[in-house]
Amino acid sequence: MTLRPDTLAMTAVLAMLTALGPLATDFYLPSLPAITQALKTDTAGAQATLSAFLFGFAAGQIVWGPLSDRLGRRPVLLIGLGLFLATTLLCALAWSIETLIAARFAQALGASGPIVLGRAMVRDLYDGPRAGRELARMGMIMGLVPAVAPVGGGLLQDAFGWRSTFVAALVFGLAILAVVATIMPETIRRRAEEPLSFRAIARGYRALLRNRAYRVYVGLTSLAYAGLFAFISGSSFVLMGVYGLSAPAYGLSFGFGVLGYISGTIIAQRLVGRRGLDGVIGLGVACLAGGGLAMLVCVLSGFGGHLGVTVPMALYACGVGLTMPQSQAAAMMPFPERAGAASSLTGLCQMLLSAFVGLLVGHLLKAGAVPLPLVMASVGVAALALFHASRAIRAAGRP
């Protein structure tokens, strides 16, 4: 059996590829306080394991896309999955916070490959709003991972300790590797002919960045994800440390955001055919700004307790589900022959901004809960401003 385009099976496998990185993070979120104690570190040290993952994720994306443009998606995908499995095992065996930070960086190098290549394979198989719809469908399926992972991670933490969460991620990765090795076809239609070198990669990236519309869509994707990552990196310390939720209760509260994200992807699938990519993105950035500002008001006023954090997060996450798949599709659309490189550079910028935001949140949270919604409101409003200020650029860059 071989996976075929326009089937639920192909969508589900592509979604699982793009879910590998979020799963590697979301599984151990409820364990961050326990890791802080077990490895004798502080909040900033534990949060550095998240930012190290993003820095590694950014570094890995420099090469995976261009490499797959030259060698094909499938062999490069198998290499990335193999690296992810080896380094996930190292995370489970880590004996110090420094070891865990280094292992998380290496784990991200492997995890970035499947995510970059999953998006590039969508561009190989689909075009225009159909690609945006496919990415939204993948997002809907992928949204189940952060719905289940923190709850499962909380239960594993209570039952077996923090190392068990990495063992669970290892089992998930083995299952994906088995599927790719047996039934995933090669999707690239025409491989890049230029020799593979860092100079050629840099030249290809420069060509992408000369496109002003590409830069706008990369900016929108990066801002949307930066706010999401701020919540991912800081929510356990806020909801468990400030509001007193248990690890399983934190996992359940995390589900508010997941439901919002899934709702956003469902709405995007229904609207993109009528409103186009930009029409859906416009609705998404409004949700980003609205959710971030609502959370800031609730935390400053004390309204709603922990629900004042999680309910506005659902609105922000809905904006992420509306904004990111469509922005990613729009960014790759003009470059069918460089889909891998376009996907890599998009992810590189997205992860670098998020890593710096995560480090900022980790240090600021020592002063209380307010820095989390303040950062999310800032990036949400920035995304809304960028979208409206770039109307002419996006119109000029539309095929």
# chains A, B, ... in the order shown; residues from 1 in each chain; ligands from 1
>>> residues_around(residues="Met376 (chain A)", least_positions_apart="5", cutoff="12 Å", atoms="only C-alpha atoms", output="PyMOL selection string")
chain A and resi 223-235+287-297+309+312-313+315-317+320+354+357-358+360-361+370-371+381-383
>>> write_last_selection(atoms="N, CA and C atoms", output="short mmCIF file (atom, residue, chain, number, x, y, z; two decimals), in the first residue's frame")
data_model
loop_
_atom_site.label_atom_id
_atom_site.label_comp_id
_atom_site.auth_asym_id
_atom_site.auth_seq_id
_atom_site.Cartn_x
_atom_site.Cartn_y
_atom_site.Cartn_z
N LEU A 223 5.07 35.96 14.05
CA LEU A 223 4.42 36.65 15.16
C LEU A 223 3.34 35.79 15.80
N ALA A 224 2.53 35.12 14.97
CA ALA A 224 1.47 34.26 15.50
C ALA A 224 2.05 33.16 16.37
N TYR A 225 3.13 32.52 15.89
CA TYR A 225 3.70 31.42 16.64
C TYR A 225 4.46 31.91 17.88
N ALA A 226 5.03 33.11 17.81
CA ALA A 226 5.76 33.64 18.97
C ALA A 226 4.84 33.77 20.18
N GLY A 227 3.61 34.27 19.96
CA GLY A 227 2.67 34.36 21.07
C GLY A 227 2.26 33.00 21.58
N LEU A 228 2.07 32.05 20.65
CA LEU A 228 1.72 30.69 21.06
C LEU A 228 2.84 30.08 21.90
N PHE A 229 4.09 30.29 21.46
CA PHE A 229 5.20 29.72 22.20
C PHE A 229 5.39 30.40 23.55
N ALA A 230 5.08 31.69 23.61
CA ALA A 230 5.14 32.36 24.91
C ALA A 230 4.22 31.66 25.90
N PHE A 231 3.03 31.28 25.43
CA PHE A 231 2.09 30.57 26.31
C PHE A 231 2.62 29.17 26.64
N ILE A 232 3.14 28.47 25.63
CA ILE A 232 3.67 27.12 25.86
C ILE A 232 4.79 27.16 26.90
N SER A 233 5.69 28.13 26.78
CA SER A 233 6.85 28.16 27.67
C SER A 233 6.53 28.69 29.05
N GLY A 234 5.51 29.53 29.18
CA GLY A 234 5.23 30.14 30.47
C GLY A 234 3.99 29.67 31.19
N SER A 235 3.11 28.94 30.48
CA SER A 235 1.80 28.61 31.06
C SER A 235 1.89 27.68 32.26
N CYS A 287 -8.16 37.92 15.76
CA CYS A 287 -8.27 37.03 16.93
C CYS A 287 -6.99 37.03 17.76
N LEU A 288 -5.84 37.11 17.10
CA LEU A 288 -4.57 37.16 17.83
C LEU A 288 -4.53 38.39 18.74
N ALA A 289 -4.85 39.55 18.17
CA ALA A 289 -4.81 40.78 18.96
C ALA A 289 -5.88 40.76 20.04
N GLY A 290 -7.09 40.32 19.71
CA GLY A 290 -8.17 40.29 20.68
C GLY A 290 -7.90 39.35 21.84
N GLY A 291 -7.38 38.16 21.54
CA GLY A 291 -7.08 37.21 22.60
C GLY A 291 -5.98 37.69 23.52
N GLY A 292 -4.90 38.24 22.95
CA GLY A 292 -3.80 38.73 23.77
C GLY A 292 -4.21 39.88 24.67
N LEU A 293 -4.99 40.84 24.12
CA LEU A 293 -5.43 41.99 24.92
C LEU A 293 -6.41 41.57 26.00
N ALA A 294 -7.31 40.63 25.68
CA ALA A 294 -8.28 40.16 26.67
C ALA A 294 -7.57 39.47 27.84
N MET A 295 -6.55 38.67 27.55
CA MET A 295 -5.81 38.01 28.62
C MET A 295 -5.09 39.03 29.49
N LEU A 296 -4.52 40.05 28.88
CA LEU A 296 -3.82 41.08 29.64
C LEU A 296 -4.77 41.81 30.59
N VAL A 297 -5.97 42.15 30.10
CA VAL A 297 -6.95 42.83 30.94
C VAL A 297 -7.38 41.94 32.11
N VAL A 309 -6.91 33.41 32.02
CA VAL A 309 -5.76 33.11 31.17
C VAL A 309 -6.16 32.14 30.06
N PRO A 312 -9.14 33.47 27.16
CA PRO A 312 -8.57 34.32 26.11
C PRO A 312 -7.53 33.58 25.24
N MET A 313 -6.83 32.61 25.86
CA MET A 313 -5.87 31.84 25.07
C MET A 313 -6.57 31.07 23.96
N LEU A 315 -9.10 32.10 22.24
CA LEU A 315 -9.30 33.04 21.14
C LEU A 315 -8.00 33.28 20.39
N TYR A 316 -6.90 33.46 21.13
CA TYR A 316 -5.59 33.64 20.48
C TYR A 316 -5.26 32.40 19.63
N ALA A 317 -5.46 31.21 20.19
CA ALA A 317 -5.14 29.98 19.47
C ALA A 317 -6.02 29.82 18.24
N VAL A 320 -4.30 31.64 15.68
CA VAL A 320 -3.16 30.90 15.15
C VAL A 320 -3.63 29.89 14.09
N SER A 354 10.54 33.03 18.15
CA SER A 354 9.90 32.37 19.28
C SER A 354 10.90 32.01 20.36
N VAL A 357 11.58 35.13 22.28
CA VAL A 357 10.40 35.45 23.10
C VAL A 357 10.32 34.51 24.30
N GLY A 358 10.61 33.23 24.09
CA GLY A 358 10.58 32.27 25.19
C GLY A 358 11.59 32.60 26.27
N LEU A 360 12.77 35.56 26.91
CA LEU A 360 12.28 36.77 27.57
C LEU A 360 11.21 36.44 28.60
N VAL A 361 10.25 35.60 28.21
CA VAL A 361 9.17 35.23 29.13
C VAL A 361 9.74 34.49 30.34
N VAL A 370 1.97 38.66 34.94
CA VAL A 370 1.66 39.69 33.95
C VAL A 370 2.52 39.63 32.69
N PRO A 371 3.83 39.29 32.75
CA PRO A 371 4.63 39.29 31.52
C PRO A 371 4.09 38.37 30.43
N VAL A 381 -1.01 42.29 18.55
CA VAL A 381 -1.24 43.62 17.98
C VAL A 381 -0.26 43.89 16.84
N ALA A 382 0.99 43.44 16.97
CA ALA A 382 1.98 43.62 15.91
C ALA A 382 1.56 42.88 14.64
N ALA A 383 1.01 41.66 14.79
CA ALA A 383 0.54 40.92 13.62
C ALA A 383 -0.61 41.64 12.93
#
>>> select_by_dssp(residues="region 112-328 of chain A", states="alpha helix (DSSP H)", output="NGL selection string")
:A and (112-125 or 128-142 or 144-160 or 163-183 or 198-209 or 212-236 or 247-301 or 307-328)
>>> residues_around(residues="region 59-76 of chain A", least_positions_apart="3", cutoff="7 Å", atoms="only C-alpha atoms", output="PyMOL selection string")
chain A and resi 55-56+79-80+109+112-113+116-117+186-188+191-193+201+338+340-341+343-345+347-348
>>> atom_distance(atom1="CA of Val285 (chain A)", atom2="CA of Ile266 (chain A)")
16.1 Å
>>> residues_around(residues="Pro22 (chain A)", least_positions_apart="6", cutoff="12 Å", atoms="only C-alpha atoms", output="ChimeraX atom specification")
/A:15-16,28-29,50,53-54,57,108,111-112,114-115,139,142-150,169,225,228-229,232-233,258
>>> atom_distance(atom1="CA of Thr265 (chain A)", atom2="CA of Leu322 (chain A)")
5.7 Å
>>> atom_distance(atom1="CA of Leu78 (chain A)", atom2="CA of Ala355 (chain A)")
26.0 Å
>>> residues_around(residues="Ile267 (chain A)", least_positions_apart="5", cutoff="10 Å", atoms="only C-alpha atoms", output="ChimeraX atom specification")
/A:136,261-262,272,280,318,321-322
>>> closest_residue(among="A:Gly362, A:Asp158, A:Phe303, A:Arg163", to="Trp95 (chain A)", atoms="only C-alpha atoms")
A:Arg163
>>> residues_around(residues="Leu155 (chain A)", least_positions_apart="6", cutoff="12 Å", atoms="only C-alpha atoms", output="list in words")
Phe27, Tyr28, Leu29, Pro30, Ser31, Val148, Ala149, Gly161, Trp162, Ser164, Thr165, Ala168, Ser246, Ala247, Pro248, Ala249, Tyr250, Gly251 and Leu252 of chain A
>>> write_last_selection(atoms="N, CA and C atoms", output="JSON list (two decimals), in the first residue's frame")
[["chain", "number", "residue", "atom", "x", "y", "z"],
["A", 27, "PHE", "N", 4.44, 17.11, 25.60],
["A", 27, "PHE", "CA", 4.43, 15.97, 26.51],
["A", 27, "PHE", "C", 5.08, 16.31, 27.85],
["A", 28, "TYR", "N", 6.15, 17.10, 27.81],
["A", 28, "TYR", "CA", 6.89, 17.30, 29.06],
["A", 28, "TYR", "C", 6.58, 18.63, 29.73],
["A", 29, "LEU", "N", 5.65, 19.42, 29.18],
["A", 29, "LEU", "CA", 5.31, 20.69, 29.83],
["A", 29, "LEU", "C", 4.88, 20.52, 31.29],
["A", 30, "PRO", "N", 3.99, 19.55, 31.61],
["A", 30, "PRO", "CA", 3.62, 19.42, 33.03],
["A", 30, "PRO", "C", 4.78, 18.99, 33.92],
["A", 31, "SER", "N", 5.88, 18.53, 33.31],
["A", 31, "SER", "CA", 7.04, 18.07, 34.09],
["A", 31, "SER", "C", 8.06, 19.16, 34.36],
["A", 148, "VAL", "N", -4.03, 16.08, 23.70],
["A", 148, "VAL", "CA", -3.80, 14.83, 24.42],
["A", 148, "VAL", "C", -2.47, 14.85, 25.17],
["A", 149, "ALA", "N", -1.43, 15.44, 24.54],
["A", 149, "ALA", "CA", -0.07, 15.34, 25.09],
["A", 149, "ALA", "C", 0.07, 15.91, 26.49],
["A", 161, "GLY", "N", 7.16, 9.86, 36.66],
["A", 161, "GLY", "CA", 8.21, 10.87, 36.68],
["A", 161, "GLY", "C", 8.46, 11.46, 35.30],
["A", 162, "TRP", "N", 9.32, 12.48, 35.27],
["A", 162, "TRP", "CA", 9.47, 13.27, 34.05],
["A", 162, "TRP", "C", 10.13, 12.52, 32.91],
["A", 164, "SER", "N", 9.55, 9.62, 31.81],
["A", 164, "SER", "CA", 8.58, 8.83, 31.05],
["A", 164, "SER", "C", 7.97, 9.61, 29.90],
["A", 165, "THR", "N", 7.93, 10.95, 30.01],
["A", 165, "THR", "CA", 7.34, 11.74, 28.93],
["A", 165, "THR", "C", 8.20, 11.67, 27.66],
["A", 168, "ALA", "N", 7.57, 8.30, 25.99],
["A", 168, "ALA", "CA", 6.34, 8.33, 25.19],
["A", 168, "ALA", "C", 6.57, 8.99, 23.84],
["A", 246, "SER", "N", -2.95, 21.56, 39.56],
["A", 246, "SER", "CA", -2.15, 20.35, 39.58],
["A", 246, "SER", "C", -1.68, 20.03, 38.15],
["A", 247, "ALA", "N", -0.77, 19.07, 38.02],
["A", 247, "ALA", "CA", -0.27, 18.71, 36.69],
["A", 247, "ALA", "C", -1.39, 18.21, 35.78],
["A", 248, "PRO", "N", -2.26, 17.27, 36.22],
["A", 248, "PRO", "CA", -3.37, 16.85, 35.35],
["A", 248, "PRO", "C", -4.35, 17.99, 35.04],
["A", 249, "ALA", "N", -4.63, 18.85, 36.05],
["A", 249, "ALA", "CA", -5.54, 19.98, 35.82],
["A", 249, "ALA", "C", -4.94, 20.96, 34.84],
["A", 250, "TYR", "N", -3.62, 21.14, 34.90],
["A", 250, "TYR", "CA", -2.97, 22.00, 33.92],
["A", 250, "TYR", "C", -3.12, 21.44, 32.52],
["A", 251, "GLY", "N", -2.94, 20.12, 32.39],
["A", 251, "GLY", "CA", -3.11, 19.49, 31.08],
["A", 251, "GLY", "C", -4.50, 19.71, 30.52],
["A", 252, "LEU", "N", -5.51, 19.60, 31.39],
["A", 252, "LEU", "CA", -6.89, 19.82, 30.94],
["A", 252, "LEU", "C", -7.12, 21.28, 30.56]]
>>> residues_around(residues="Phe387 (chain A)", least_positions_apart="3", cutoff="10 Å", atoms="only C-alpha atoms", output="MDAnalysis selection string")
chainID A and resid 216:217 219:220 278 281:282 285:286 381:384 390:391 393:394
>>> decode(residues="region 292-323 of chain A", atoms="C-alpha atoms", output="compact mmCIF listing (two decimals), in the first residue's frame")
# COMPACT_ATOMS: atom_id res chain seq x y z
CA GLY A 292 -3.80 38.73 23.77
CA LEU A 293 -5.43 41.99 24.92
CA ALA A 294 -8.28 40.16 26.67
CA MET A 295 -5.81 38.01 28.62
CA LEU A 296 -3.82 41.08 29.64
CA VAL A 297 -6.95 42.83 30.94
CA CYS A 298 -8.06 39.73 32.88
CA VAL A 299 -4.68 39.16 34.54
CA LEU A 300 -4.22 42.83 35.44
CA SER A 301 -7.72 43.04 36.92
CA GLY A 302 -7.72 39.58 38.51
CA PHE A 303 -10.92 38.72 36.67
CA GLY A 304 -11.69 35.02 36.21
CA GLY A 305 -8.70 33.49 37.99
CA HIS A 306 -7.03 30.86 35.82
CA LEU A 307 -9.94 31.06 33.36
CA GLY A 308 -8.87 34.65 32.71
CA VAL A 309 -5.76 33.11 31.17
CA THR A 310 -7.09 29.99 29.46
CA VAL A 311 -10.28 31.37 27.86
CA PRO A 312 -8.57 34.32 26.11
CA MET A 313 -5.87 31.84 25.07
CA ALA A 314 -8.56 29.92 23.19
CA LEU A 315 -9.30 33.04 21.14
CA TYR A 316 -5.59 33.64 20.48
CA ALA A 317 -5.14 29.98 19.47
CA CYS A 318 -8.12 30.27 17.13
CA GLY A 319 -6.23 33.12 15.49
CA VAL A 320 -3.16 30.90 15.15
CA GLY A 321 -5.27 28.23 13.41
CA LEU A 322 -6.61 30.85 11.01
CA THR A 323 -3.34 32.69 10.39
